[in-house]
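Undergrad: File follows, my_file_28.txt with compact mmCIF, C-alpha atoms and all ligand atoms:
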# COMPACT_ATOMS: atom_id res chain seq x y z
CA MET H 17 -18.08 8.79 74.06
CA THR H 18 -17.21 5.96 71.69
CA ARG H 19 -20.24 5.00 69.60
CA VAL H 20 -20.63 1.27 69.01
CA LEU H 21 -23.07 -0.39 66.64
CA SER H 22 -23.94 -4.07 66.52
CA CYS H 23 -26.77 -5.49 64.50
CA ILE H 24 -28.39 -8.87 64.32
CA GLN H 25 -30.74 -10.35 61.83
CA PRO H 26 -34.06 -11.63 63.15
CA THR H 27 -33.67 -15.13 61.80
CA GLY H 28 -34.58 -17.79 64.32
CA ALA H 29 -34.39 -18.18 68.05
CA VAL H 30 -31.47 -17.26 70.28
CA HIS H 31 -29.49 -20.06 71.92
CA LEU H 32 -27.16 -20.37 74.88
CA GLY H 33 -24.09 -20.01 72.69
CA ASN H 34 -25.31 -16.65 71.36
CA TYR H 35 -26.06 -15.53 74.90
CA LEU H 36 -22.93 -16.61 76.78
CA GLY H 37 -20.71 -16.00 73.77
CA ALA H 38 -21.89 -12.50 72.86
CA LEU H 39 -25.21 -11.08 74.02
CA ARG H 40 -24.36 -11.20 77.70
CA ASN H 41 -21.45 -8.88 76.97
CA TRP H 42 -23.79 -6.43 75.28
CA VAL H 43 -25.59 -6.12 78.59
CA ARG H 44 -22.38 -5.78 80.58
CA ASP H 45 -20.89 -3.20 78.19
CA GLN H 46 -23.96 -1.03 77.75
CA HIS H 47 -22.81 1.49 80.37
CA ASP H 48 -19.26 1.85 79.07
CA LYS H 49 -19.94 3.05 75.56
CA ASP H 50 -22.76 4.65 73.59
CA VAL H 51 -24.23 1.44 72.19
CA PHE H 52 -26.72 1.05 69.37
CA HIS H 53 -28.24 -2.36 68.68
CA GLY H 54 -30.19 -2.79 65.48
CA ILE H 55 -32.51 -5.65 64.72
CA VAL H 56 -31.97 -5.65 60.97
CA ASP H 57 -35.27 -6.89 59.62
CA LEU H 58 -34.70 -5.45 56.15
CA HIS H 59 -31.53 -7.50 55.76
CA ALA H 60 -33.60 -10.58 56.54
CA LEU H 61 -35.71 -9.90 53.42
CA THR H 62 -32.85 -10.95 51.16
CA ILE H 63 -34.06 -14.53 51.61
CA ALA H 64 -37.80 -14.84 50.96
CA GLU H 65 -40.03 -15.93 53.84
CA GLU H 66 -43.79 -16.36 54.22
CA PRO H 67 -45.75 -13.24 55.26
CA GLY H 68 -45.36 -12.49 58.96
CA VAL H 69 -42.28 -14.60 59.57
CA VAL H 70 -39.74 -11.78 59.75
CA GLY H 71 -42.06 -9.63 61.89
CA GLU H 72 -42.60 -12.38 64.39
CA ALA H 73 -38.88 -13.11 64.61
CA THR H 74 -38.27 -9.37 65.11
CA ILE H 75 -40.69 -9.20 68.06
CA GLU H 76 -39.20 -12.33 69.62
CA LEU H 77 -35.65 -11.09 69.25
CA ALA H 78 -36.56 -7.70 70.70
CA ALA H 79 -38.26 -9.35 73.69
CA MET H 80 -35.16 -11.49 74.22
CA LEU H 81 -32.79 -8.50 74.05
CA PHE H 82 -34.79 -6.67 76.72
CA ALA H 83 -35.25 -9.86 78.75
CA ILE H 84 -31.51 -10.44 79.03
CA GLY H 85 -31.13 -6.94 80.43
CA LEU H 86 -30.53 -4.40 77.71
CA ASP H 87 -31.94 -1.23 79.23
CA PRO H 88 -33.87 0.89 76.73
CA GLU H 89 -32.90 4.00 78.69
CA VAL H 90 -29.20 3.20 78.26
CA ALA H 91 -28.76 1.16 75.08
CA THR H 92 -30.48 2.19 71.87
CA VAL H 93 -32.31 -0.93 70.71
CA PHE H 94 -34.20 -0.37 67.49
CA VAL H 95 -35.73 -2.13 64.53
CA GLN H 96 -34.10 -1.19 61.23
CA SER H 97 -37.39 -0.71 59.34
CA HIS H 98 -38.58 1.73 62.03
CA VAL H 99 -35.83 4.09 60.97
CA PRO H 100 -36.51 4.86 57.28
CA GLU H 101 -33.15 6.61 56.92
CA HIS H 102 -31.55 3.15 56.55
CA SER H 103 -33.32 2.57 53.24
CA GLN H 104 -32.77 6.15 52.18
CA LEU H 105 -29.03 6.20 52.80
CA SER H 106 -28.74 2.71 51.34
CA TRP H 107 -29.51 4.08 47.88
CA VAL H 108 -26.78 6.68 48.23
CA MET H 109 -24.43 3.87 49.26
CA GLU H 110 -25.43 1.82 46.21
CA CYS H 111 -24.48 4.76 44.05
CA THR H 112 -21.13 5.08 45.80
CA VAL H 113 -20.05 1.44 45.61
CA SER H 114 -19.26 -0.27 42.32
CA TYR H 115 -20.74 -3.33 40.68
CA GLY H 116 -17.25 -4.84 40.71
CA GLU H 117 -16.77 -4.31 44.42
CA LEU H 118 -20.12 -5.90 45.27
CA SER H 119 -19.36 -8.81 42.93
CA ARG H 120 -16.17 -9.57 44.81
CA MET H 121 -17.83 -9.95 48.23
CA THR H 122 -17.16 -13.47 49.45
CA GLN H 123 -20.48 -13.68 51.30
CA PHE H 124 -22.34 -12.88 48.07
CA LYS H 125 -20.35 -15.49 46.15
CA ASP H 126 -20.92 -18.13 48.85
CA LYS H 127 -24.61 -17.40 49.21
CA THR H 128 -25.31 -17.41 45.48
CA ALA H 129 -23.30 -20.61 45.03
CA LYS H 130 -25.48 -22.27 47.68
CA ARG H 131 -28.63 -21.02 45.99
CA GLU H 132 -27.82 -22.26 42.52
CA GLY H 133 -31.01 -22.71 40.55
CA LYS H 134 -33.00 -20.82 43.18
CA PHE H 135 -34.21 -17.22 43.31
CA ILE H 136 -31.30 -14.87 43.98
CA SER H 137 -32.62 -11.45 44.97
CA ALA H 138 -30.83 -8.27 43.94
CA GLY H 139 -30.94 -7.51 47.67
CA LEU H 140 -28.47 -10.28 48.26
CA PHE H 141 -26.14 -8.42 45.92
CA THR H 142 -26.69 -4.94 47.38
CA TYR H 143 -26.73 -6.19 50.97
CA PRO H 144 -23.37 -4.51 51.80
CA ALA H 145 -24.77 -1.11 50.75
CA LEU H 146 -27.57 -1.41 53.30
CA GLN H 147 -25.09 -2.58 55.91
CA ALA H 148 -22.85 0.43 55.13
CA ALA H 149 -25.88 2.67 55.65
CA ASP H 150 -26.58 0.98 59.00
CA ILE H 151 -23.10 1.75 60.17
CA LEU H 152 -22.47 5.20 58.70
CA LEU H 153 -25.83 6.66 59.79
CA TYR H 154 -24.76 6.53 63.43
CA ASP H 155 -21.30 8.12 63.16
CA THR H 156 -20.16 4.75 64.42
CA ASN H 157 -16.61 4.46 65.76
CA GLU H 158 -16.57 0.72 66.43
CA VAL H 159 -18.34 -2.25 64.95
CA PRO H 160 -17.69 -5.44 66.92
CA VAL H 161 -17.73 -8.29 64.41
CA GLY H 162 -16.43 -11.78 63.83
CA ASP H 163 -14.16 -12.66 60.96
CA ASP H 164 -17.06 -13.41 58.62
CA GLN H 165 -18.07 -9.74 58.70
CA ARG H 166 -14.67 -8.10 58.27
CA GLN H 167 -15.06 -7.68 54.54
CA HIS H 168 -18.37 -5.88 55.12
CA ILE H 169 -16.69 -3.37 57.41
CA GLU H 170 -13.84 -2.95 54.92
CA ILE H 171 -16.26 -2.10 52.10
CA THR H 172 -18.12 0.29 54.42
CA ARG H 173 -14.86 2.12 55.08
CA ASP H 174 -14.10 2.24 51.34
CA ILE H 175 -17.54 3.67 50.62
CA ALA H 176 -17.24 6.26 53.39
CA LEU H 177 -13.77 7.36 52.27
CA ARG H 178 -14.90 7.62 48.64
CA PHE H 179 -17.97 9.66 49.58
CA ASN H 180 -15.97 11.97 51.86
CA HIS H 181 -13.42 12.46 49.10
CA ARG H 182 -16.07 13.36 46.53
CA PHE H 183 -18.41 15.44 48.68
CA GLY H 184 -16.37 16.59 51.67
CA ASP H 185 -16.14 15.29 55.18
CA THR H 186 -19.46 13.60 55.92
CA PHE H 187 -19.07 10.18 57.47
CA VAL H 188 -17.08 8.92 60.42
CA ILE H 189 -14.78 6.09 59.29
CA PRO H 190 -15.65 3.05 61.42
CA ASP H 191 -13.28 0.43 62.75
CA ALA H 192 -14.00 -3.26 62.97
CA VAL H 193 -13.19 -4.35 66.52
CA ILE H 194 -12.94 -7.80 68.00
CA PRO H 195 -15.95 -8.33 70.27
CA THR H 196 -15.26 -8.59 74.01
CA ALA H 197 -14.42 -12.25 74.51
CA GLY H 198 -17.41 -14.20 75.70
CA ALA H 199 -17.57 -17.73 76.96
CA ARG H 200 -16.58 -20.66 74.82
CA VAL H 201 -19.80 -22.60 74.29
CA MET H 202 -19.51 -25.84 72.38
CA ASP H 203 -22.21 -28.13 71.00
CA LEU H 204 -23.25 -30.72 73.61
CA GLN H 205 -23.32 -33.50 71.03
CA ASP H 206 -20.29 -32.42 69.04
CA PRO H 207 -17.99 -30.68 71.53
CA THR H 208 -15.40 -29.79 68.91
CA SER H 209 -17.88 -27.47 67.17
CA LYS H 210 -19.41 -24.26 68.45
CA MET H 211 -22.98 -24.54 69.69
CA SER H 212 -25.19 -23.73 66.75
CA LYS H 213 -28.79 -24.25 65.81
CA SER H 214 -27.84 -25.37 62.34
CA ALA H 215 -26.11 -28.46 63.76
CA THR H 216 -27.51 -31.78 62.57
CA THR H 217 -29.24 -32.51 65.87
CA ASP H 218 -30.86 -29.98 68.20
CA ALA H 219 -29.89 -32.12 71.21
CA GLY H 220 -26.55 -30.33 71.30
CA CYS H 221 -27.98 -26.82 71.32
CA VAL H 222 -29.71 -25.28 74.33
CA MET H 223 -32.28 -22.70 73.28
CA MET H 224 -32.87 -19.69 75.55
CA LEU H 225 -36.53 -20.66 75.84
CA ASP H 226 -36.07 -24.39 76.44
CA ASP H 227 -37.98 -25.48 79.55
CA PRO H 228 -36.06 -26.84 82.56
CA THR H 229 -36.86 -30.48 81.70
CA ALA H 230 -35.55 -30.10 78.17
CA ILE H 231 -32.43 -28.33 79.42
CA MET H 232 -31.67 -31.03 82.01
CA LYS H 233 -32.19 -33.70 79.38
CA LYS H 234 -29.79 -32.08 76.94
CA PHE H 235 -27.09 -31.83 79.61
CA LYS H 236 -27.64 -35.41 80.83
CA ARG H 237 -27.21 -36.66 77.27
CA ALA H 238 -24.18 -34.49 76.56
CA VAL H 239 -21.32 -36.33 74.90
CA THR H 240 -18.41 -36.89 77.28
CA ASP H 241 -15.03 -38.52 76.85
CA SER H 242 -14.02 -42.17 76.96
CA ASP H 243 -12.22 -42.26 80.31
CA SER H 244 -13.98 -41.06 83.43
CA GLU H 245 -11.73 -38.37 84.80
CA VAL H 246 -12.99 -34.80 85.24
CA ARG H 247 -10.25 -32.47 84.11
CA TYR H 248 -10.17 -29.29 81.98
CA ASP H 249 -8.27 -30.27 78.86
CA VAL H 250 -9.82 -28.96 75.65
CA ALA H 251 -7.72 -31.08 73.29
CA ALA H 252 -7.81 -34.42 75.11
CA LYS H 253 -11.23 -34.10 76.76
CA PRO H 254 -13.44 -31.86 74.61
CA GLY H 255 -16.76 -33.11 76.01
CA VAL H 256 -15.96 -32.61 79.67
CA SER H 257 -14.17 -29.34 78.94
CA GLY H 258 -17.21 -28.06 77.07
CA LEU H 259 -19.39 -28.77 80.10
CA LEU H 260 -16.87 -27.12 82.41
CA ASP H 261 -16.78 -24.04 80.17
CA ILE H 262 -20.55 -23.71 80.39
CA LEU H 263 -20.64 -24.34 84.14
CA ALA H 264 -17.87 -21.78 84.62
CA ALA H 265 -19.67 -19.19 82.49
CA ALA H 266 -22.89 -19.70 84.44
CA THR H 267 -21.27 -19.50 87.85
CA GLY H 268 -18.51 -16.96 87.27
CA ARG H 269 -15.69 -19.36 88.11
CA SER H 270 -12.84 -20.67 86.01
CA PRO H 271 -13.35 -24.08 84.35
CA GLN H 272 -10.19 -25.43 86.04
CA ASP H 273 -11.56 -24.40 89.38
CA ALA H 274 -14.96 -25.97 88.69
CA ALA H 275 -13.27 -29.24 87.61
CA ALA H 276 -11.80 -29.68 91.08
CA ASP H 277 -15.29 -30.26 92.52
CA TYR H 278 -15.99 -33.38 90.44
CA THR H 279 -14.79 -36.93 90.16
CA GLN H 280 -17.65 -38.22 87.99
CA TYR H 281 -19.43 -37.10 84.85
CA GLY H 282 -22.98 -37.57 86.16
CA PRO H 283 -22.88 -34.88 88.85
CA LEU H 284 -21.01 -32.51 86.51
CA LYS H 285 -23.76 -32.83 83.91
CA ALA H 286 -26.53 -32.41 86.48
CA ASP H 287 -24.92 -29.38 88.10
CA THR H 288 -24.22 -27.72 84.76
CA GLY H 289 -27.83 -28.29 83.72
CA GLU H 290 -29.09 -26.84 86.99
CA ALA H 291 -26.80 -23.84 86.74
CA ILE H 292 -28.16 -23.08 83.28
CA VAL H 293 -31.75 -23.58 84.36
CA ALA H 294 -31.13 -21.11 87.21
CA LEU H 295 -29.38 -18.65 84.89
CA LEU H 296 -32.16 -18.73 82.31
CA GLU H 297 -35.13 -18.75 84.67
CA PRO H 298 -35.35 -14.98 85.31
CA ILE H 299 -34.66 -14.27 81.63
CA GLN H 300 -37.46 -16.62 80.56
CA ALA H 301 -39.84 -15.07 83.09
CA ARG H 302 -39.13 -11.55 81.81
CA TYR H 303 -39.39 -12.78 78.22
CA ARG H 304 -42.83 -14.29 78.86
CA GLU H 305 -44.03 -11.04 80.41
CA LEU H 306 -42.81 -8.99 77.49
CA ILE H 307 -44.01 -11.28 74.74
CA ALA H 308 -47.48 -11.23 76.33
CA ASP H 309 -47.47 -7.43 76.37
CA LYS H 310 -47.03 -6.29 72.79
CA GLY H 311 -47.94 -2.74 73.79
CA GLU H 312 -45.03 -2.54 76.20
CA LEU H 313 -42.66 -4.03 73.62
CA ALA H 314 -43.83 -1.50 71.05
CA ARG H 315 -43.24 1.27 73.59
CA LEU H 316 -39.70 0.07 74.32
CA LEU H 317 -38.92 -0.20 70.61
CA SER H 318 -40.29 3.24 69.93
CA ILE H 319 -37.92 4.71 72.52
CA GLY H 320 -35.06 3.10 70.57
CA ALA H 321 -36.36 4.15 67.17
CA GLY H 322 -36.84 7.72 68.41
CA ARG H 323 -33.28 7.96 69.62
CA ALA H 324 -31.93 6.26 66.51
CA ARG H 325 -33.82 8.63 64.22
CA VAL H 326 -32.40 11.72 65.88
CA VAL H 327 -28.90 10.63 64.88
CA ALA H 328 -29.81 8.97 61.57
CA SER H 329 -31.87 11.83 60.17
CA ALA H 330 -29.10 14.35 60.87
CA THR H 331 -26.56 12.15 59.09
CA LEU H 332 -28.81 11.55 56.10
CA GLN H 333 -29.49 15.27 55.76
CA ARG H 334 -25.77 16.01 55.98
CA ALA H 335 -25.10 13.51 53.18
CA TYR H 336 -27.88 14.97 50.98
CA ASP H 337 -26.62 18.50 51.66
CA HIS H 338 -23.03 17.63 50.80
CA ILE H 339 -24.17 16.04 47.55
CA GLY H 340 -26.11 19.22 46.91
CA LEU H 341 -29.61 17.81 46.65
CA VAL H 342 -32.33 20.41 46.86
CA ARG H 343 -34.03 20.52 50.24
CA PRO H 344 -37.80 20.04 50.15
N1 LIG Y 401 -24.38 -8.68 58.07
C1 LIG Y 401 -24.45 -8.86 59.50
C2 LIG Y 401 -24.54 -10.36 59.81
O1 LIG Y 401 -24.97 -11.11 58.98
C3 LIG Y 401 -25.63 -8.17 60.10
C4 LIG Y 401 -25.54 -6.69 59.98
C5 LIG Y 401 -26.31 -5.87 59.23
C6 LIG Y 401 -24.61 -5.85 60.66
N2 LIG Y 401 -25.97 -4.58 59.41
C7 LIG Y 401 -24.92 -4.53 60.28
C8 LIG Y 401 -23.58 -6.09 61.57
C9 LIG Y 401 -24.21 -3.44 60.77
C10 LIG Y 401 -22.85 -5.01 62.06
C11 LIG Y 401 -23.17 -3.68 61.65
O2 LIG Y 401 -24.20 -10.76 60.90
Output the file's structure in the form of structure tokens.
Ligand code: TRP

TA:
Amino acid sequence: MTRVLSCIQPTGAVHLGNYLGALRNWVRDQHDKDVFHGIVDLHALTIAEEPGVVGEATIELAAMLFAIGLDPEVATVFVQSHVPEHSQLSWVMECTVSYGELSRMTQFKDKTAKREGKFISAGLFTYPALQAADILLYDTNEVPVGDDQRQHIEITRDIALRFNHRFGDTFVIPDAVIPTAGARVMDLQDPTSKMSKSATTDAGCVMMLDDPTAIMKKFKRAVTDSDSEVRYDVAAKPGVSGLLDILAAATGRSPQDAAADYTQYGPLKADTGEAIVALLEPIQARYRELIADKGELARLLSIGAGRARVVASATLQRAYDHIGLVRP
């Protein structure tokens, strides 16, 4: 069966755009392929945080992934630092990639440019080596990624090919694949931009844990278009179309179809808000249960880590053996 790996960094809360745009597909696709989902807490260390911050974000993200319906018996959901092979293979990757290659990574250049005058960790530089380890440890066939991550998959392939050439066939060469298309979810205040929590105002971004009152308020205040016609037309009517996209994603209809039910903006906003409240309610309830039961969360994560380690430890040992390191 095709092995798929996706990883996310535990940096901040999940919003509706992440869910409808991507995470919901993880749940839908979990039965079709052998899916591994890593919460990459070690990658989050590249930018310094206060003690406890990364751990808390890791627990919250894990609770959210289970709350939306990832089934620990089907999908392998694990925390990167629970699988020490990531750090171990990362060193081998660092010794297989060159200084020049890492220097040419656009993400590294962008991030260091933004941090001028601030602390730039060596981890920011070697980040792609750890990511290559994440991917190669699982004999991954497919890595679903957006355009911003393509270069990271390319360098992973280069590292794997170089290693295999030097030491014999060891790693599966992964392919970057385009993620299954999710819903188009635009910012409620700036409907020409994707919903994002880094937007200037949080009024345009619905968080997964927003309470019903806050959600209704954000939809009621959503930016609409200057005339008053309800019609799905992304270019001419971005505000209304953004609402229709969200309503459609929540109700399983097409946005054109949903548009036919409305002649005014008010009811469209109210119904979209209510549809999202209804969609999120069971997820929030399950999240609250899990976040209040750290023992259960730990148990679920240990199932994932156990399964991940079975694969990862075999791959690491294979790599060490092919290099010819002495077994302990
Ligand atoms: N670099 C990725 C990002 O910022 C996160 C990541 C780490 C990742 N390891 C990975 C993604 C392995 C896919 C596969 O989004």

Undergrad: Quote the spacing between atom CA of Ile231 of chain H and atom CA of Phe82 of chain H in Å to one decimal place.

TA: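 Separating atom CA of Ile231 of chain H from atom CA of Phe82 of chain H is a distance of 22.0 Å.
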
Undergrad: So, counting all atoms listed in the file, which residue among H:Leu152, H:Met80, H:Met121, H:Leu58 is closest to Leu32 of chain H?

TA: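 Of H:Leu152, H:Met80, H:Met121, H:Leu58, the one nearest Leu32 of chain H, counting all atoms listed in the file, is H:Met80.
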
Undergrad: Which is closest to Ala138 of chain H among H:Ile63, H:Ile24, H:Val326, H:Val95, if we use all atoms listed in the file?

TA: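 Checking each of H:Ile63, H:Ile24, H:Val326, H:Val95 against Ala138 of chain H, counting all atoms listed in the file, the winner is H:Ile63.
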
Undergrad: Report as a tab-separated table the residues of chain H within 7 Å of ligand LIG 401 (chain Y), each with its shortest atom pair and distance in Å (one decimal), using only C-alpha atoms and all ligand atoms, ordered by chain and increasing residue number.

TA:
residue	atom	partner	partner_atom	distance
H:Leu21	CA	Y:LIG401	C11	6.0
H:Ser22	CA	Y:LIG401	C10	4.7
H:Cys23	CA	Y:LIG401	C8	4.4
H:Ile24	CA	Y:LIG401	C3	5.1
H:Gln25	CA	Y:LIG401	C3	5.8
H:Val56	CA	Y:LIG401	C5	5.9
H:His59	CA	Y:LIG401	C5	6.5
H:Gln147	CA	Y:LIG401	N2	4.1
H:Ala148	CA	Y:LIG401	C9	7.0
H:Asp150	CA	Y:LIG401	C9	5.3
H:Ile151	CA	Y:LIG401	C9	5.3
H:Val159	CA	Y:LIG401	C11	6.0
H:Val161	CA	Y:LIG401	C10	6.5
H:Gln165	CA	Y:LIG401	N1	6.4

Undergrad: How many Å separate atom CA of Arg173 of chain H from atom CA of Ala328 of chain H?

TA: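 These two atoms are separated by 17.7 Å.
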
Undergrad: Using all atoms listed in the file, which of H:Val30, H:Ala199, H:Gln300, H:Met224 sits nearest Ser270 of chain H?

TA: H:Ala199

Undergrad: So, counting all atoms listed in the file, which residue among H:Asp218, H:Ala197, H:Leu86, H:Asp174 is closest to Ala230 of chain H?

TA: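 Closest residue, counting all atoms listed in the file: H:Asp218.
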
Undergrad: Identify, on the basis of all atoms listed in the file, every residue whose closest approach to Gly258 of chain H does not exceed 9 Å; exclude the query and any residue fewer than 6 positions from it along the same chain; express the result as an NGL selection string.

TA: :H and (200-204 or 207-208 or 240 or 248 or 250)

Undergrad: For Lys213 of chain H, which residue among H:Thr172, H:Thr112, H:Thr18, H:Thr27 is the nearest when counting all atoms listed in the file?

TA: H:Thr27

Undergrad: As a PDB file, in the frame of the given file, could you write out segment 29-44 of chain H once it has been completed with N, CA and C atoms?

TA:
ATOM      1  N   ALA H  29     -34.467 -18.413  66.611  1.00  0.00           N
ATOM      2  CA  ALA H  29     -34.390 -18.180  68.050  1.00  0.00           C
ATOM      3  C   ALA H  29     -32.949 -18.121  68.545  1.00  0.00           C
ATOM      4  N   VAL H  30     -32.784 -17.440  69.670  1.00  0.00           N
ATOM      5  CA  VAL H  30     -31.470 -17.260  70.280  1.00  0.00           C
ATOM      6  C   VAL H  30     -31.137 -18.487  71.141  1.00  0.00           C
ATOM      7  N   HIS H  31     -29.879 -18.916  71.091  1.00  0.00           N
ATOM      8  CA  HIS H  31     -29.490 -20.060  71.920  1.00  0.00           C
ATOM      9  C   HIS H  31     -28.417 -19.671  72.927  1.00  0.00           C
ATOM     10  N   LEU H  32     -28.099 -20.616  73.783  1.00  0.00           N
ATOM     11  CA  LEU H  32     -27.160 -20.370  74.880  1.00  0.00           C
ATOM     12  C   LEU H  32     -25.793 -19.903  74.388  1.00  0.00           C
ATOM     13  N   GLY H  33     -25.375 -20.419  73.246  1.00  0.00           N
ATOM     14  CA  GLY H  33     -24.090 -20.010  72.690  1.00  0.00           C
ATOM     15  C   GLY H  33     -24.092 -18.540  72.298  1.00  0.00           C
ATOM     16  N   ASN H  34     -25.203 -18.078  71.703  1.00  0.00           N
ATOM     17  CA  ASN H  34     -25.310 -16.650  71.360  1.00  0.00           C
ATOM     18  C   ASN H  34     -25.263 -15.812  72.633  1.00  0.00           C
ATOM     19  N   TYR H  35     -25.956 -16.311  73.662  1.00  0.00           N
ATOM     20  CA  TYR H  35     -26.060 -15.530  74.900  1.00  0.00           C
ATOM     21  C   TYR H  35     -24.719 -15.458  75.634  1.00  0.00           C
ATOM     22  N   LEU H  36     -24.174 -16.611  75.989  1.00  0.00           N
ATOM     23  CA  LEU H  36     -22.930 -16.610  76.780  1.00  0.00           C
ATOM     24  C   LEU H  36     -21.747 -16.132  75.947  1.00  0.00           C
ATOM     25  N   GLY H  37     -21.822 -16.364  74.631  1.00  0.00           N
ATOM     26  CA  GLY H  37     -20.710 -16.000  73.770  1.00  0.00           C
ATOM     27  C   GLY H  37     -20.695 -14.522  73.395  1.00  0.00           C
ATOM     28  N   ALA H  38     -21.869 -13.883  73.342  1.00  0.00           N
ATOM     29  CA  ALA H  38     -21.890 -12.500  72.860  1.00  0.00           C
ATOM     30  C   ALA H  38     -22.896 -11.602  73.571  1.00  0.00           C
ATOM     31  N   LEU H  39     -24.162 -12.009  73.564  1.00  0.00           N
ATOM     32  CA  LEU H  39     -25.210 -11.080  74.020  1.00  0.00           C
ATOM     33  C   LEU H  39     -25.044 -10.641  75.466  1.00  0.00           C
ATOM     34  N   ARG H  40     -24.537 -11.557  76.291  1.00  0.00           N
ATOM     35  CA  ARG H  40     -24.360 -11.200  77.700  1.00  0.00           C
ATOM     36  C   ARG H  40     -23.366 -10.042  77.846  1.00  0.00           C
ATOM     37  N   ASN H  41     -22.391  -9.996  76.935  1.00  0.00           N
ATOM     38  CA  ASN H  41     -21.450  -8.880  76.970  1.00  0.00           C
ATOM     39  C   ASN H  41     -22.100  -7.556  76.554  1.00  0.00           C
ATOM     40  N   TRP H  42     -23.085  -7.657  75.668  1.00  0.00           N
ATOM     41  CA  TRP H  42     -23.790  -6.430  75.280  1.00  0.00           C
ATOM     42  C   TRP H  42     -24.394  -5.780  76.524  1.00  0.00           C
ATOM     43  N   VAL H  43     -24.950  -6.622  77.374  1.00  0.00           N
ATOM     44  CA  VAL H  43     -25.590  -6.120  78.590  1.00  0.00           C
ATOM     45  C   VAL H  43     -24.533  -5.517  79.518  1.00  0.00           C
ATOM     46  N   ARG H  44     -23.430  -6.252  79.686  1.00  0.00           N
ATOM     47  CA  ARG H  44     -22.380  -5.780  80.580  1.00  0.00           C
ATOM     48  C   ARG H  44     -21.767  -4.469  80.070  1.00  0.00           C
TER      49      ARG H  44
END
